[in-house]
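So the structure is just underneath, and the comments pick up after that.
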Protein chains: 2
Amino acid sequence: MSNRLEAPRYATMREVAALAGVGVKTVSRVLNGEPNVSDQLRERVNRAAAALNYELNVYAGGLRRAGARTNAIGLMLESVDNPFSAAIHRGVETVMRRHSIVVLAESFDEDPGRERTVVKDFLRRRVDGLILTTVSRDQAYLSAEVARGTSIVFVDRPAVSVAFDSVVSCNFDGALIATRHMLQHGHRRLAFIGGNQQIWTLRERRRGFLDELDRWNIECPPAHDVTGLLGEEEARLAAHAMLDAPDPPTAIFPTQNRLVVGVVRALHERGVQHRVAMVGFDDVELLDLLDPGVTVVAQNPHRLGELAAERLLARMARKPLELETLRVPTTLVTRGSGEIPGPHAAEVVNIPRPMGKAGRPSGA
Amino acid sequence: MSNRLEAPRYATMREVAALAGVGVKTVSRVLNGEPNVSDQLRERVNRAAAALNYELNVYAGGLRRAGARTNAIGLMLESVDNPFSAAIHRGVETVMRRHSIVVLAESFDEDPGRERTVVKDFLRRRVDGLILTTVSRDQAYLSAEVARGTSIVFVDRPAVSVAFDSVVSCNFDGALIATRHMLQHGHRRLAFIGGNQQIWTLRERRRGFLDELDRWNIECPPAHDVTGLLGEEEARLAAHAMLDAPDPPTAIFPTQNRLVVGVVRALHERGVQHRVAMVGFDDVELLDLLDPGVTVVAQNPHRLGELAAERLLARMARKPLELETLRVPTTLVTRGSGEIPGPHAAEVVNIPRPMGKAGRPSGA
DNA sequence: ATGAAAGCGCTAACAG
DNA sequence: CTGTTAGCGCTTTCAT
């Protein structure tokens with residue numbers, strides 16, 4: 001007696017064919033916009049489909065179709081919720097939409113365990129390609145995919161153990177420029193504030209920081225080289241701790257959007273935002289309206305997403321391309337906090353030339 | 001001679017069965033964790049599957065399985081890129097992950113045309129349910145889905161023409177409280193800054209604003225009741241225009257995250273952020289660190305997402321539930337900008353009691 | 001405990 | 001131009 005259906009009931013092509021009084025293949029032709037159907041039948045089929053509220057089943061079709069494409073790709077991000085990830089997501093979506101490809105996005109929260117689960121899930125859904133941000137040191141679990149011919153592009157962080165295309169920001173360069181900027185403004189006691197050392201971007205940024213200090217023959221004491229911070233709150237506390245300790249830094253370099261916010265908070269809480277300089281890595285909305293405005297090295301996550309998507313499409317089309325790591329430039333955006341003069345501001349003209357180790361002239 | 005495959009090549013169950021020397025059904029049993037397989041065969045199958053790098057094809061299975069579920073839901077958002085939408089997305093994902101359900105998120109950019117495309121796309125992929133944010137006045141295109149038994153929940157904005165469950169914020173209440181807050185601080189010339197009037201949330205917020213003004217017997221001149229603004233930049237310009245005109249508002253009420261940022265910018269550009277009051281609708285990161293801090297009515301988009309997801313799961317499970325609109329409270333967060341005293345601050349005790357029209361005592 | 005056969009909804013490959 | 005048949009990869013059904 002009960003008419004309650006346990007699951008939504010979709011009409012089938014066979015039912016549409018029956019109602020229209022035609023063969024199934026004719027229905028398939030009409031609904032897929034194929035040629036060789038008379039206007040009359042076309043009309044009848046459309047009418048029947050509408051009457052039955054028919055919707056094509058893309059997966060049933062794909063099953064039979066040669067080289068079965070699902071017209072879906074998998075996108076693994078740190079978190080769909082993080083503005084940086086979300087911008088990548090939008091960039092990917094924008095490009096994929098032009099090709100009627102759907103984006104399956106999943107957060108993996110920097111958890112290597114979840115990383116495998118998510119990828120496995122994508123594969124079981126037979127996505128046509130993968131765009132991945134990862135933390136795993138060991139990406140051997142992907143080598144099977146290489147053999148199979150799955151198209152994969154890494155975004156934000158390059159692949160480690162296997163050779164895939166990658167699209168990344170110029171992390172090293174950005175960090176180096178930020179560091180030089182602080183040095184040129186007379187700072188010598190700089191502090192590095194960073195996240196998980198497992199993450200490639202962090203290591204690159206730290207390398208840029210230390211390299212530049214090295215060129216200036218400056219040591220960074222361990223107390224001013226803090227990594228492993230998990231978020232805004234930890235960065236805030238770390239900044240407070242540093243500034244409470246003897247010989248505090250005169251300039252701070254937080255190297256991730258969440259950490260930038262944490263450090264800004266600490267400086268404002270102590271009311272030293274006009275005395276202690278800072279340059280952040282990653283731009284965050286409203287940073288320009290703070291007093292002082294916060295100088296940052298800005299990335300272009302939307303562009304990262306677009307490029308990764310375009311690269312993936314090329315791979316999926318089996319274009320013969322060399323393996324490549326595309327690098328998206330970073331930009332120093334000066335707003336005040338990074339231009340607060342340090343104790344050595346007067347000596348600026350006398351600093352070692354920032355080129356080559358130990359002050360050697362470039363090209364020597 | 002060429003071995004280059006045009007598409008990734010996945011091993012089939014049949015191949016695994018052949019290699020393991022068993023029947024296909026046995027492979028199916030093992031790989032789906034079904035009982036009634038001897039340890040010996042189980043072991044052999046797993047070995048063969050690993051050797052062939054086999055991955056289950058969820059869609060092929062679902063085709064035959066009764067009540068075929070895809071374990072995917074469709075989530076339509078304004079933009080995956082908008083922090084508000086992204087927080088909803090994360091809330092939905094968090095809940096769905098616990099049920100091994102994947103979220104297919106798509107941006108529709110407040111475009112009614114795209115709205116239909118996206119929903120159609122979801123249906124063709126046979127998602128198990130839909131969580132939708134919409135602009136369309138006419139949602140008749142969904143009535144077919146009701147008939148079919150598709151589970152649908154609306155989030156952020158309720159369904160208009162058809163009866164579905166909805167999960168929304170207390171927009172009216174929030175706007176009313178924000179308005180009262182400004183009035184109680186001595187402001188009488190308030191300005192409303194809003195987006196697309198098509199959008200329900202905007203209309204609710206405007207209604208809350210005008211209702212409260214009405215209780216205080218205050219008129220809002222058309223020049224101070226601006227809607228249809230498309231983003232940060234338009235809001236910024238609108239605020240500038242208002243403040244340039246005669247009889248400028250002494251307090252401004254931008255009613256959306258993008259618009260809040262635009263107005264804040266305008267106030268800072270003119271250097272009047274300490275003279276002109278403002279209360280925003282929607283919280284935005286770093287608003288608390290501005291000078292003055294920006295008072296807002298905060299929503300809880302993550303919670304909206306969680307509730308919508310839970311409701312959808314209940315619907316998908318065919319639980320017998322009444323149609324319902326769940327309301328998530330909004331919170332006034334005072335930070336300074338909303339507490340700037342207005343010209344009538346001294347009269348605060350003499351204002352009409354803010355209850356009932358025309359100052360009538362409540363309950364009369 | 002195991003597997004052969006049928007069939008999910010669709011399209012490829014052929015007839016007519 | 002139109003329709004029939006087979007079969008995509010899997011699970012159901014039902015023997016063994």
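Labels used: A, B, ... for chains in the order of the structure tokens, numbers from 1 for residues in each chain, and numbers from 1 for ligands as shown.
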
May I have a table of the residues of chain B lying at most 12 Å from chain D, giving each one's closest pair of atoms and their distance in Å to one decimal, counting only C-alpha atoms (C1' of nucleotides), ordered by chain and ascending residue number, as CSV?
```
residue,atom,partner,partner_atom,distance
B:Tyr10,CA,D:DG9,C1',10.6
B:Ala11,CA,D:DG9,C1',10.0
B:Thr12,CA,D:DG9,C1',6.8
B:Met13,CA,D:DG9,C1',7.4
B:Arg14,CA,D:DG9,C1',8.5
B:Glu15,CA,D:DG9,C1',10.9
B:Val24,CA,D:DC10,C1',9.4
B:Lys25,CA,D:DT11,C1',8.2
B:Thr26,CA,D:DT11,C1',11.3
B:Val27,CA,D:DC10,C1',10.8
B:Ser28,CA,D:DT11,C1',8.0
B:Arg29,CA,D:DT11,C1',9.7
B:Leu31,CA,D:DC10,C1',11.9
B:Asn32,CA,D:DT11,C1',10.7
B:Glu55,CA,D:DG9,C1',11.6
B:Leu56,CA,D:DC10,C1',9.1
B:Asn57,CA,D:DG9,C1',7.4
B:Val58,CA,D:DC10,C1',8.6
B:Tyr59,CA,D:DC10,C1',8.4
B:Ala60,CA,D:DC10,C1',5.0
B:Gly61,CA,D:DC10,C1',4.4
B:Gly62,CA,D:DC10,C1',7.8
B:Leu63,CA,D:DC10,C1',7.6
B:Arg64,CA,D:DT11,C1',5.5
B:Arg65,CA,D:DT11,C1',5.8
B:Ala66,CA,D:DT12,C1',8.6
B:Ala68,CA,D:DT11,C1',10.8
```

Write out, as a PDB file, in the first residue's frame, the residues just selected, with N, CA and C atoms.
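Generated output (out.pdb):
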```
ATOM      1  N   TYR B  10      42.494   0.494 -15.996  1.00  0.00           N
ATOM      2  CA  TYR B  10      42.239  -0.144 -14.709  1.00  0.00           C
ATOM      3  C   TYR B  10      41.989  -1.627 -14.929  1.00  0.00           C
ATOM      4  N   ALA B  11      42.535  -2.429 -14.070  1.00  0.00           N
ATOM      5  CA  ALA B  11      42.254  -3.862 -14.131  1.00  0.00           C
ATOM      6  C   ALA B  11      40.796  -4.097 -13.764  1.00  0.00           C
ATOM      7  N   THR B  12      40.222  -5.163 -14.289  1.00  0.00           N
ATOM      8  CA  THR B  12      38.825  -5.501 -13.973  1.00  0.00           C
ATOM      9  C   THR B  12      38.793  -6.649 -12.972  1.00  0.00           C
ATOM     10  N   MET B  13      37.633  -6.828 -12.417  1.00  0.00           N
ATOM     11  CA  MET B  13      37.460  -7.928 -11.477  1.00  0.00           C
ATOM     12  C   MET B  13      37.702  -9.258 -12.164  1.00  0.00           C
ATOM     13  N   ARG B  14      37.289  -9.325 -13.385  1.00  0.00           N
ATOM     14  CA  ARG B  14      37.474 -10.562 -14.125  1.00  0.00           C
ATOM     15  C   ARG B  14      38.964 -10.928 -14.206  1.00  0.00           C
ATOM     16  N   GLU B  15      39.772  -9.901 -14.450  1.00  0.00           N
ATOM     17  CA  GLU B  15      41.209 -10.155 -14.531  1.00  0.00           C
ATOM     18  C   GLU B  15      41.780 -10.607 -13.190  1.00  0.00           C
ATOM     19  N   VAL B  24      34.490 -14.620 -10.324  1.00  0.00           N
ATOM     20  CA  VAL B  24      34.369 -13.168 -10.144  1.00  0.00           C
ATOM     21  C   VAL B  24      33.660 -12.827  -8.845  1.00  0.00           C
ATOM     22  N   LYS B  25      32.660 -13.581  -8.538  1.00  0.00           N
ATOM     23  CA  LYS B  25      31.870 -13.266  -7.359  1.00  0.00           C
ATOM     24  C   LYS B  25      32.711 -13.363  -6.086  1.00  0.00           C
ATOM     25  N   THR B  26      33.641 -14.287  -6.088  1.00  0.00           N
ATOM     26  CA  THR B  26      34.517 -14.421  -4.926  1.00  0.00           C
ATOM     27  C   THR B  26      35.377 -13.165  -4.765  1.00  0.00           C
ATOM     28  N   VAL B  27      35.860 -12.695  -5.879  1.00  0.00           N
ATOM     29  CA  VAL B  27      36.634 -11.454  -5.829  1.00  0.00           C
ATOM     30  C   VAL B  27      35.764 -10.343  -5.263  1.00  0.00           C
ATOM     31  N   SER B  28      34.565 -10.248  -5.774  1.00  0.00           N
ATOM     32  CA  SER B  28      33.632  -9.224  -5.303  1.00  0.00           C
ATOM     33  C   SER B  28      33.438  -9.345  -3.795  1.00  0.00           C
ATOM     34  N   ARG B  29      33.253 -10.560  -3.334  1.00  0.00           N
ATOM     35  CA  ARG B  29      33.054 -10.769  -1.891  1.00  0.00           C
ATOM     36  C   ARG B  29      34.247 -10.269  -1.082  1.00  0.00           C
ATOM     37  N   LEU B  31      36.714  -8.191  -1.913  1.00  0.00           N
ATOM     38  CA  LEU B  31      36.996  -6.757  -2.018  1.00  0.00           C
ATOM     39  C   LEU B  31      35.920  -5.890  -1.366  1.00  0.00           C
ATOM     40  N   ASN B  32      34.756  -6.457  -1.156  1.00  0.00           N
ATOM     41  CA  ASN B  32      33.709  -5.697  -0.471  1.00  0.00           C
ATOM     42  C   ASN B  32      33.567  -6.110   0.984  1.00  0.00           C
ATOM     43  N   GLU B  55      41.538  -1.346  -8.422  1.00  0.00           N
ATOM     44  CA  GLU B  55      40.711  -0.442  -7.616  1.00  0.00           C
ATOM     45  C   GLU B  55      39.258  -0.689  -7.969  1.00  0.00           C
ATOM     46  N   LEU B  56      38.429  -0.821  -6.958  1.00  0.00           N
ATOM     47  CA  LEU B  56      37.002  -0.996  -7.197  1.00  0.00           C
ATOM     48  C   LEU B  56      36.453   0.143  -8.044  1.00  0.00           C
ATOM     49  N   ASN B  57      35.477  -0.162  -8.861  1.00  0.00           N
ATOM     50  CA  ASN B  57      34.776   0.869  -9.629  1.00  0.00           C
ATOM     51  C   ASN B  57      33.405   1.070  -8.981  1.00  0.00           C
ATOM     52  N   VAL B  58      33.287   2.152  -8.227  1.00  0.00           N
ATOM     53  CA  VAL B  58      32.052   2.330  -7.449  1.00  0.00           C
ATOM     54  C   VAL B  58      30.818   2.518  -8.329  1.00  0.00           C
ATOM     55  N   TYR B  59      31.021   3.085  -9.488  1.00  0.00           N
ATOM     56  CA  TYR B  59      29.860   3.366 -10.325  1.00  0.00           C
ATOM     57  C   TYR B  59      29.342   2.112 -11.027  1.00  0.00           C
ATOM     58  N   ALA B  60      30.265   1.255 -11.443  1.00  0.00           N
ATOM     59  CA  ALA B  60      29.838  -0.001 -12.068  1.00  0.00           C
ATOM     60  C   ALA B  60      29.058  -0.828 -11.051  1.00  0.00           C
ATOM     61  N   GLY B  61      29.560  -0.858  -9.834  1.00  0.00           N
ATOM     62  CA  GLY B  61      28.869  -1.597  -8.795  1.00  0.00           C
ATOM     63  C   GLY B  61      27.501  -1.010  -8.507  1.00  0.00           C
ATOM     64  N   GLY B  62      27.476   0.292  -8.353  1.00  0.00           N
ATOM     65  CA  GLY B  62      26.237   0.973  -8.016  1.00  0.00           C
ATOM     66  C   GLY B  62      25.142   0.766  -9.052  1.00  0.00           C
ATOM     67  N   LEU B  63      25.573   0.523 -10.266  1.00  0.00           N
ATOM     68  CA  LEU B  63      24.611   0.351 -11.349  1.00  0.00           C
ATOM     69  C   LEU B  63      23.702  -0.846 -11.088  1.00  0.00           C
ATOM     70  N   ARG B  64      24.311  -1.893 -10.627  1.00  0.00           N
ATOM     71  CA  ARG B  64      23.555  -3.119 -10.410  1.00  0.00           C
ATOM     72  C   ARG B  64      22.907  -3.153  -9.032  1.00  0.00           C
ATOM     73  N   ARG B  65      23.618  -2.581  -8.073  1.00  0.00           N
ATOM     74  CA  ARG B  65      23.161  -2.647  -6.682  1.00  0.00           C
ATOM     75  C   ARG B  65      21.776  -2.035  -6.528  1.00  0.00           C
ATOM     76  N   ALA B  66      21.001  -2.623  -5.671  1.00  0.00           N
ATOM     77  CA  ALA B  66      19.656  -2.105  -5.440  1.00  0.00           C
ATOM     78  C   ALA B  66      19.714  -0.730  -4.788  1.00  0.00           C
ATOM     79  N   ALA B  68      20.718   1.903  -5.844  1.00  0.00           N
ATOM     80  CA  ALA B  68      22.015   2.462  -6.190  1.00  0.00           C
ATOM     81  C   ALA B  68      22.323   3.817  -5.568  1.00  0.00           C
TER      82      ALA B  68
END
```

Pull the helix (DSSP H, G or I) assignments for region 98-295 of chain A out of DSSP run on the backbone, and list those residues as a PyMOL selection string. chain A and resi 112-124+140-148+171-184+200-215+222-224+232-244+257-270+287-289

Please build the interface table for chain A against chain B with a cut-off of 8 Å, listing for each qualifying residue the nearest atom pair and the distance in Å to one decimal; count only C-alpha atoms, order rows by chain and increasing number, and write it as JSON lines.
```
{"residue": "A:Leu5", "atom": "CA", "partner": "B:Gly149", "partner_atom": "CA", "distance": 7.3}
{"residue": "A:Glu6", "atom": "CA", "partner": "B:Arg318", "partner_atom": "CA", "distance": 7.0}
{"residue": "A:Ala7", "atom": "CA", "partner": "B:Gly67", "partner_atom": "CA", "distance": 5.6}
{"residue": "A:Pro8", "atom": "CA", "partner": "B:Gly149", "partner_atom": "CA", "distance": 4.6}
{"residue": "A:Arg9", "atom": "CA", "partner": "B:Arg148", "partner_atom": "CA", "distance": 5.5}
{"residue": "A:Tyr10", "atom": "CA", "partner": "B:Arg148", "partner_atom": "CA", "distance": 6.9}
{"residue": "A:Asn53", "atom": "CA", "partner": "B:Ala144", "partner_atom": "CA", "distance": 6.8}
{"residue": "A:Glu55", "atom": "CA", "partner": "B:Arg124", "partner_atom": "CA", "distance": 5.8}
{"residue": "A:Leu56", "atom": "CA", "partner": "B:Arg124", "partner_atom": "CA", "distance": 5.4}
{"residue": "A:Asn57", "atom": "CA", "partner": "B:Arg124", "partner_atom": "CA", "distance": 5.1}
{"residue": "A:Val58", "atom": "CA", "partner": "B:Arg124", "partner_atom": "CA", "distance": 5.8}
{"residue": "A:Tyr59", "atom": "CA", "partner": "B:Tyr59", "partner_atom": "CA", "distance": 6.3}
{"residue": "A:Ala60", "atom": "CA", "partner": "B:Leu63", "partner_atom": "CA", "distance": 7.0}
{"residue": "A:Leu63", "atom": "CA", "partner": "B:Ala60", "partner_atom": "CA", "distance": 7.0}
{"residue": "A:Gly67", "atom": "CA", "partner": "B:Ala7", "partner_atom": "CA", "distance": 5.6}
{"residue": "A:Ala68", "atom": "CA", "partner": "B:Ala7", "partner_atom": "CA", "distance": 7.9}
{"residue": "A:Ser79", "atom": "CA", "partner": "B:Arg90", "partner_atom": "CA", "distance": 7.7}
{"residue": "A:Val80", "atom": "CA", "partner": "B:Ala86", "partner_atom": "CA", "distance": 6.2}
{"residue": "A:Asp81", "atom": "CA", "partner": "B:Ala86", "partner_atom": "CA", "distance": 5.0}
{"residue": "A:Asn82", "atom": "CA", "partner": "B:Ala86", "partner_atom": "CA", "distance": 7.9}
{"residue": "A:Pro83", "atom": "CA", "partner": "B:Pro83", "partner_atom": "CA", "distance": 6.8}
{"residue": "A:Ala86", "atom": "CA", "partner": "B:Asp81", "partner_atom": "CA", "distance": 5.0}
{"residue": "A:Ala87", "atom": "CA", "partner": "B:Asp81", "partner_atom": "CA", "distance": 5.5}
{"residue": "A:His89", "atom": "CA", "partner": "B:Val80", "partner_atom": "CA", "distance": 7.1}
{"residue": "A:Arg90", "atom": "CA", "partner": "B:Asp81", "partner_atom": "CA", "distance": 5.8}
{"residue": "A:Val102", "atom": "CA", "partner": "B:Leu104", "partner_atom": "CA", "distance": 7.9}
{"residue": "A:Val103", "atom": "CA", "partner": "B:Leu104", "partner_atom": "CA", "distance": 6.9}
{"residue": "A:Leu104", "atom": "CA", "partner": "B:Leu104", "partner_atom": "CA", "distance": 5.4}
{"residue": "A:Ala105", "atom": "CA", "partner": "B:Leu104", "partner_atom": "CA", "distance": 7.1}
{"residue": "A:Glu106", "atom": "CA", "partner": "B:Val103", "partner_atom": "CA", "distance": 7.8}
{"residue": "A:Lys120", "atom": "CA", "partner": "B:Glu55", "partner_atom": "CA", "distance": 7.9}
{"residue": "A:Leu123", "atom": "CA", "partner": "B:Glu55", "partner_atom": "CA", "distance": 6.9}
{"residue": "A:Arg124", "atom": "CA", "partner": "B:Asn57", "partner_atom": "CA", "distance": 5.1}
{"residue": "A:Arg125", "atom": "CA", "partner": "B:Val58", "partner_atom": "CA", "distance": 5.9}
{"residue": "A:Arg126", "atom": "CA", "partner": "B:Asn57", "partner_atom": "CA", "distance": 6.9}
{"residue": "A:Ala144", "atom": "CA", "partner": "B:Asn53", "partner_atom": "CA", "distance": 6.8}
{"residue": "A:Arg148", "atom": "CA", "partner": "B:Pro8", "partner_atom": "CA", "distance": 5.3}
{"residue": "A:Gly149", "atom": "CA", "partner": "B:Pro8", "partner_atom": "CA", "distance": 4.6}
{"residue": "A:Thr150", "atom": "CA", "partner": "B:Pro8", "partner_atom": "CA", "distance": 5.2}
{"residue": "A:Val261", "atom": "CA", "partner": "B:Leu286", "partner_atom": "CA", "distance": 7.7}
{"residue": "A:Arg265", "atom": "CA", "partner": "B:Leu289", "partner_atom": "CA", "distance": 7.4}
{"residue": "A:His268", "atom": "CA", "partner": "B:Leu289", "partner_atom": "CA", "distance": 7.5}
{"residue": "A:Glu285", "atom": "CA", "partner": "B:Glu285", "partner_atom": "CA", "distance": 7.6}
{"residue": "A:Leu286", "atom": "CA", "partner": "B:Leu286", "partner_atom": "CA", "distance": 6.5}
{"residue": "A:Leu287", "atom": "CA", "partner": "B:Leu286", "partner_atom": "CA", "distance": 7.6}
{"residue": "A:Leu289", "atom": "CA", "partner": "B:Leu290", "partner_atom": "CA", "distance": 6.9}
{"residue": "A:Leu290", "atom": "CA", "partner": "B:Leu290", "partner_atom": "CA", "distance": 5.5}
{"residue": "A:Asp291", "atom": "CA", "partner": "B:Leu290", "partner_atom": "CA", "distance": 7.4}
{"residue": "A:Met316", "atom": "CA", "partner": "B:Ala7", "partner_atom": "CA", "distance": 7.9}
{"residue": "A:Arg318", "atom": "CA", "partner": "B:Glu6", "partner_atom": "CA", "distance": 7.0}
```

Counting only C-alpha atoms (C1' of nucleotides), which residues from chain C have an atom at most 7 Å from any atom of chain B, and could you show them as an mmCIF file with N, CA and C atoms (P, O5', C5', C4', C3', O3' and C1' of nucleotides), in the first residue's frame?
```
data_model
loop_
_atom_site.group_PDB
_atom_site.id
_atom_site.type_symbol
_atom_site.label_atom_id
_atom_site.label_comp_id
_atom_site.auth_asym_id
_atom_site.auth_seq_id
_atom_site.Cartn_x
_atom_site.Cartn_y
_atom_site.Cartn_z
ATOM 1 P P DA C 1 31.160 -20.296 5.142
ATOM 2 O "O5'" DA C 1 31.821 -20.849 3.816
ATOM 3 C "C5'" DA C 1 33.091 -21.461 3.825
ATOM 4 C "C4'" DA C 1 33.366 -21.913 2.433
ATOM 5 C "C3'" DA C 1 33.838 -20.804 1.489
ATOM 6 O "O3'" DA C 1 34.820 -21.365 0.629
ATOM 7 C "C1'" DA C 1 31.831 -21.756 0.662
ATOM 8 P P DG C 3 35.376 -20.019 -7.021
ATOM 9 O "O5'" DG C 3 34.114 -20.070 -7.986
ATOM 10 C "C5'" DG C 3 33.722 -21.324 -8.512
ATOM 11 C "C4'" DG C 3 32.434 -21.153 -9.279
ATOM 12 C "C3'" DG C 3 32.491 -20.079 -10.376
ATOM 13 O "O3'" DG C 3 31.780 -20.571 -11.488
ATOM 14 C "C1'" DG C 3 30.664 -19.660 -8.987
ATOM 15 P P DC C 8 17.654 -5.143 -15.799
ATOM 16 O "O5'" DC C 8 18.220 -3.846 -15.066
ATOM 17 C "C5'" DC C 8 18.361 -3.775 -13.654
ATOM 18 C "C4'" DC C 8 19.504 -2.826 -13.353
ATOM 19 C "C3'" DC C 8 19.584 -1.653 -14.315
ATOM 20 O "O3'" DC C 8 18.947 -0.527 -13.719
ATOM 21 C "C1'" DC C 8 21.758 -2.652 -13.939
#
```

Which residues are close to region 224-235 of chain A, i.e. within 9 Å by only C-alpha atoms (C1' of nucleotides), leaving aside same-chain residues fewer than 4 positions away? Reply as a list in words. Arg189, Leu190, Ala191, Phe192, Ile193, Gly194, Gly195, Asn196, Gln197, Gln198, Leu202, Arg206, Cys220, Ala239, His240, Met242, Pro248, Pro249, Ile252, Pro254, Asn257, Arg258, Leu259, Val260, Val261, Gly262, Val263, Arg265 and Ala266 of chain A

Please write the residues from the selection above to a file, keeping N, CA and C atoms, as a compact mmCIF listing (two decimals), in the first residue's frame.
```txt
# COMPACT_ATOMS: atom_id res chain seq x y z
N ARG A 189 68.59 41.33 13.89
CA ARG A 189 68.04 40.23 14.68
C ARG A 189 66.65 39.90 14.13
N LEU A 190 66.63 38.99 13.18
CA LEU A 190 65.37 38.59 12.54
C LEU A 190 64.87 37.27 13.12
N ALA A 191 63.56 37.13 13.17
CA ALA A 191 63.00 35.86 13.66
C ALA A 191 62.16 35.20 12.59
N PHE A 192 62.35 33.90 12.48
CA PHE A 192 61.57 33.10 11.54
C PHE A 192 60.47 32.37 12.31
N ILE A 193 59.25 32.49 11.80
CA ILE A 193 58.11 31.80 12.43
C ILE A 193 57.50 30.90 11.36
N GLY A 194 57.59 29.58 11.58
CA GLY A 194 57.13 28.67 10.52
C GLY A 194 56.30 27.52 11.03
N GLY A 195 55.66 26.83 10.11
CA GLY A 195 54.81 25.68 10.43
C GLY A 195 55.56 24.37 10.32
N ASN A 196 54.80 23.34 10.03
CA ASN A 196 55.28 21.97 9.88
C ASN A 196 56.47 21.86 8.93
N GLN A 197 57.58 21.36 9.44
CA GLN A 197 58.80 21.26 8.62
C GLN A 197 58.68 20.21 7.53
N GLN A 198 57.71 19.36 7.66
CA GLN A 198 57.45 18.34 6.67
C GLN A 198 57.04 18.98 5.35
N LEU A 202 57.35 25.35 3.54
CA LEU A 202 58.00 25.87 4.75
C LEU A 202 59.52 25.77 4.60
N ARG A 206 62.17 28.81 4.59
CA ARG A 206 63.22 28.88 5.61
C ARG A 206 64.59 28.94 4.94
N CYS A 220 71.38 33.20 12.80
CA CYS A 220 70.06 33.25 13.43
C CYS A 220 70.06 32.32 14.62
N ALA A 239 55.44 34.44 19.24
CA ALA A 239 55.89 35.82 19.09
C ALA A 239 56.00 36.49 20.46
N HIS A 240 55.01 36.26 21.28
CA HIS A 240 55.07 36.83 22.63
C HIS A 240 56.31 36.34 23.38
N MET A 242 59.14 35.21 22.25
CA MET A 242 60.36 35.82 21.70
C MET A 242 60.59 37.23 22.19
N PRO A 248 65.47 40.36 22.10
CA PRO A 248 64.34 40.02 21.22
C PRO A 248 64.64 40.42 19.78
N PRO A 249 63.97 39.81 18.83
CA PRO A 249 64.15 40.20 17.43
C PRO A 249 63.60 41.60 17.20
N ILE A 252 60.20 40.38 12.48
CA ILE A 252 59.68 39.01 12.51
C ILE A 252 59.15 38.62 11.12
N PRO A 254 56.80 35.80 9.77
CA PRO A 254 55.90 34.65 9.85
C PRO A 254 55.60 34.17 8.42
N ASN A 257 49.84 32.11 6.00
CA ASN A 257 48.74 33.02 6.29
C ASN A 257 48.25 32.98 7.74
N ARG A 258 48.06 31.78 8.29
CA ARG A 258 47.57 31.67 9.67
C ARG A 258 48.59 32.27 10.65
N LEU A 259 49.85 32.02 10.38
CA LEU A 259 50.89 32.47 11.30
C LEU A 259 51.04 33.99 11.23
N VAL A 260 50.84 34.54 10.04
CA VAL A 260 50.90 36.00 9.89
C VAL A 260 49.87 36.64 10.82
N VAL A 261 48.67 36.11 10.80
CA VAL A 261 47.62 36.68 11.64
C VAL A 261 47.99 36.56 13.11
N GLY A 262 48.54 35.43 13.50
CA GLY A 262 48.94 35.24 14.89
C GLY A 262 49.97 36.25 15.34
N VAL A 263 50.97 36.48 14.51
CA VAL A 263 52.03 37.41 14.88
C VAL A 263 51.49 38.85 14.93
N ARG A 265 48.59 39.73 15.69
CA ARG A 265 47.85 39.83 16.94
C ARG A 265 48.79 40.08 18.12
N ALA A 266 49.86 39.33 18.18
CA ALA A 266 50.80 39.47 19.29
C ALA A 266 51.36 40.89 19.32
```
